[in-house]
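Colleague: First, the structure itself, so that you have it in front of you.
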Amino acid sequence: MLNTRPLGRGAAARKYDLLTALGAHALGQGRSEQVLVLRLITLVTARYNWARDTLCVGQREIARLWSVDERTVKREMAKLRGRGWLELSRAGARGRVAEYRLGIERILEDTRPGWSRVGPDFEHRLSDTRDDGKVVPLPLPEAQVPPPDLTSGSEWALAQAILHAEAPGPYASWLRALRRDGRAGGRLMLCAPSRFHAAYVQTHLATRLLAACQAVDAGIDEVVVSAEA
């Protein structure tokens, strides 16, 4: 099982196993999923530093690599973060691009149904790892809360995907219930089920909420949460 960085003896084979698992998964899915996975595989093979477990590349360079605009890059990177396939290790800042690492355990968990199509040897190799005779199982996801629906493609839907992956507890308890109420310039307006709910989010989760929204849309400079009328 590839639950650690692919380093040391056999590292090259483990890298190929991970990419094979992604490819086999994508080929059994629809076009949109295939495109997303192909973009990730291309990004990993072109720019991922396996030795340091880091992906450090700007949105403009990714857009050029994928032959898309930067808005599409933001949306697709948000989807990958929302799934836990990419994990933010250092936020971007002025003059410095964001840094990511691969969420290898989550990738393996999500691609597991396609392993058998590669072959029994492949499935066995990824299912078990022996260390002093012990078998270490793949971990379960942190939360059983279903991911948000990204069909609308709105900035709030994409931000929810990030919050679901990076803060499953607060997302399930407080952020999942928020509803997009509109946008005025850089201000994104959300509705909460009650005044107490809105007050709690504004008091305890405002920083996390704003960071997730700005990760998918840098034009957002304020998130306002109010109670439904």
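Residues are referred to by chain and number: the chain letter is A, B, ... according to the order shown in the structure tokens, the number counts from 1 in that chain, and ligands are numbered separately from 1 in the order shown.
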Any chance you could list, as JSON, numbers by chain, the residues in region 100-134 of chain A that come up strand (DSSP E) when DSSP is run on the backbone?
Modeller: {"A": [100, 101, 102, 130, 131, 134]}
Colleague: When DSSP works through the backbone of this structure, what residues of region 80-220 of chain A end up as helix (DSSP H, G or I), shown as a PyMOL selection string?
Modeller: chain A and resi 80-83+104-118+120-127+155-166+168-175+195-204+206-216
Colleague: Write out as number ranges by chain the residues lying within 10 Å of Glu76 (chain A), counting only C-alpha atoms and excluding same-chain residues fewer than 2 positions away.
Modeller: A: 35-37, 39-40, 70-74, 78-82, 158, 216
Colleague: Please provide the set of residues having any atom within 10 Å of Ala199 (chain A), restricted to only C-alpha atoms, with same-chain residues fewer than 5 positions apart removed, written as a ChimeraX atom specification.
Modeller: /A:192,194,204-206,225-227
Colleague: Have a look at A:Leu65, A:Ala21, A:Ala46, A:Val145 and name the one nearest to Thr111 (chain A); count only C-alpha atoms.
Modeller: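 Closest to Thr111 (chain A), using only C-alpha atoms: A:Ala21.
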Colleague: Which residue gives the smallest distance to Glu109 (chain A) among A:Asp17, A:Gly84, A:Val224, A:Gly185, with only C-alpha atoms counted?
Modeller: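 Selected residue with least distance to Glu109 (chain A): A:Gly84.
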Colleague: Determine, counting only C-alpha atoms, which protein, DNA and RNA residues have an atom within 8 Å of an atom of Cys56 (chain A); residues of the same chain fewer than 3 positions away are not included. Present the result as an mmCIF file with N, CA, C and O atoms, in the first residue's frame.
Modeller:
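Just written: around_11.cif:
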data_model
loop_
_atom_site.group_PDB
_atom_site.id
_atom_site.type_symbol
_atom_site.label_atom_id
_atom_site.label_comp_id
_atom_site.auth_asym_id
_atom_site.auth_seq_id
_atom_site.Cartn_x
_atom_site.Cartn_y
_atom_site.Cartn_z
ATOM 1 N N ARG A 47 5.590 18.171 -12.799
ATOM 2 C CA ARG A 47 6.060 19.139 -11.808
ATOM 3 C C ARG A 47 6.139 18.621 -10.375
ATOM 4 O O ARG A 47 6.587 19.352 -9.488
ATOM 5 N N TYR A 48 5.735 17.396 -10.104
ATOM 6 C CA TYR A 48 5.759 16.945 -8.715
ATOM 7 C C TYR A 48 7.161 16.536 -8.301
ATOM 8 O O TYR A 48 7.846 15.796 -9.023
ATOM 9 N N VAL A 97 4.189 31.123 -4.700
ATOM 10 C CA VAL A 97 3.065 30.280 -5.100
ATOM 11 C C VAL A 97 2.726 29.292 -3.988
ATOM 12 O O VAL A 97 3.543 29.012 -3.106
ATOM 13 N N ALA A 98 1.502 28.774 -4.040
ATOM 14 C CA ALA A 98 1.074 27.783 -3.046
ATOM 15 C C ALA A 98 1.845 26.484 -3.235
ATOM 16 O O ALA A 98 2.319 26.164 -4.324
ATOM 17 N N GLU A 99 1.956 25.726 -2.152
ATOM 18 C CA GLU A 99 2.670 24.447 -2.183
ATOM 19 C C GLU A 99 1.717 23.348 -1.737
ATOM 20 O O GLU A 99 1.003 23.494 -0.742
ATOM 21 N N TYR A 100 1.714 22.235 -2.473
ATOM 22 C CA TYR A 100 0.811 21.123 -2.199
ATOM 23 C C TYR A 100 1.597 19.832 -2.014
ATOM 24 O O TYR A 100 2.760 19.728 -2.407
#
Colleague: Select, from A:His164, A:Asp221, A:Tyr200, A:Ala24, the residue with the minimum atom-to-atom distance to Arg187 (chain A), counting only C-alpha atoms.
Modeller: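 That would be A:Asp221, the residue with the smallest distance to Arg187 (chain A).
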Colleague: Using only C-alpha atoms, which of the listed residues (A:Leu178, A:Ala165, A:Ala211, A:Val44) sits closest to Tyr16 (chain A)?
Modeller: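 Selected residue with least distance to Tyr16 (chain A): A:Val44.
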Colleague: Rounded to one decimal place, report the CA of His25 (chain A)-CA of Ala215 (chain A) distance in Å.
Modeller: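 Pair CA of His25 (chain A) / CA of Ala215 (chain A) returns 27.0 Å.
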Colleague: Enter the distance from CA of Ile107 (chain A) to CA of Trp85 (chain A), in Å, rounded to one decimal.
Modeller: 5.6 Å
Colleague: Let me make sure I understand: among A:Gln202, A:Gln214, A:Ser32, A:Thr20, which one has the smallest atom-to-atom distance to Trp115 (chain A) if we use only C-alpha atoms?
Modeller: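 With only C-alpha atoms as the atom set, the closest residue is A:Thr20.
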Colleague: Can you list, as a PDB file with C-alpha atoms, in the first residue's frame, every protein, DNA or RNA residue that comes within 9 Å of Arg180 (chain A) when you count only C-alpha atoms, leaving out same-chain residues fewer than 5 positions away?
Modeller:
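File produced: around.pdb:
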ATOM      1  CA  TRP A 156     -19.297  28.799  -2.892  1.00  0.00           C
ATOM      2  CA  ALA A 157     -19.687  25.230  -4.190  1.00  0.00           C
ATOM      3  CA  LEU A 188     -20.025  36.987  -0.944  1.00  0.00           C
ATOM      4  CA  MET A 189     -23.258  36.667   1.025  1.00  0.00           C
ATOM      5  CA  LEU A 190     -24.308  33.413   2.685  1.00  0.00           C
ATOM      6  CA  CYS A 191     -27.432  32.460   4.640  1.00  0.00           C
TER       7      CYS A 191
END
Colleague: Could you check how far CA of Arg208 (chain A) sits from CA of Ile104 (chain A), in Å to one decimal?
Modeller: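 If I compute the distance from CA of Arg208 (chain A) to CA of Ile104 (chain A), I get 24.0 Å.
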Colleague: Between A:Gly169, A:Pro147, A:Gly186, A:Gly114, which residue has the minimum interatomic distance to Cys213 (chain A), considering only C-alpha atoms?
Modeller: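 With only C-alpha atoms as the atom set, the closest residue is A:Gly186.
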Colleague: I'd like the contact shell of Asp149 (chain A) - 10 Å cut-off, only C-alpha atoms, skipping same-chain residues fewer than 3 positions apart - returned as JSON, numbers by chain.
Modeller: {"A": [146, 152, 153, 157, 158, 160, 161]}
Colleague: Can I get the selection written as an mmCIF file, in the first residue's frame, with N, CA and C atoms?
Modeller:
data_model
loop_
_atom_site.group_PDB
_atom_site.id
_atom_site.type_symbol
_atom_site.label_atom_id
_atom_site.label_comp_id
_atom_site.auth_asym_id
_atom_site.auth_seq_id
_atom_site.Cartn_x
_atom_site.Cartn_y
_atom_site.Cartn_z
ATOM 1 N N PRO A 146 -21.214 13.350 2.988
ATOM 2 C CA PRO A 146 -21.030 13.363 1.531
ATOM 3 C C PRO A 146 -20.465 14.688 1.063
ATOM 4 N N SER A 152 -23.071 23.345 -9.949
ATOM 5 C CA SER A 152 -23.267 24.769 -10.257
ATOM 6 C C SER A 152 -21.969 25.461 -10.639
ATOM 7 N N GLY A 153 -20.846 24.962 -10.122
ATOM 8 C CA GLY A 153 -19.556 25.570 -10.414
ATOM 9 C C GLY A 153 -19.353 26.918 -9.761
ATOM 10 N N ALA A 157 -19.730 26.687 -4.049
ATOM 11 C CA ALA A 157 -19.687 25.230 -4.190
ATOM 12 C C ALA A 157 -18.248 24.725 -4.149
ATOM 13 N N LEU A 158 -17.356 25.415 -4.848
ATOM 14 C CA LEU A 158 -15.953 25.006 -4.869
ATOM 15 C C LEU A 158 -15.292 25.211 -3.508
ATOM 16 N N GLN A 160 -16.847 25.057 -0.671
ATOM 17 C CA GLN A 160 -17.372 23.985 0.180
ATOM 18 C C GLN A 160 -16.581 22.701 0.006
ATOM 19 N N ALA A 161 -16.159 22.408 -1.221
ATOM 20 C CA ALA A 161 -15.373 21.200 -1.470
ATOM 21 C C ALA A 161 -14.068 21.240 -0.690
#
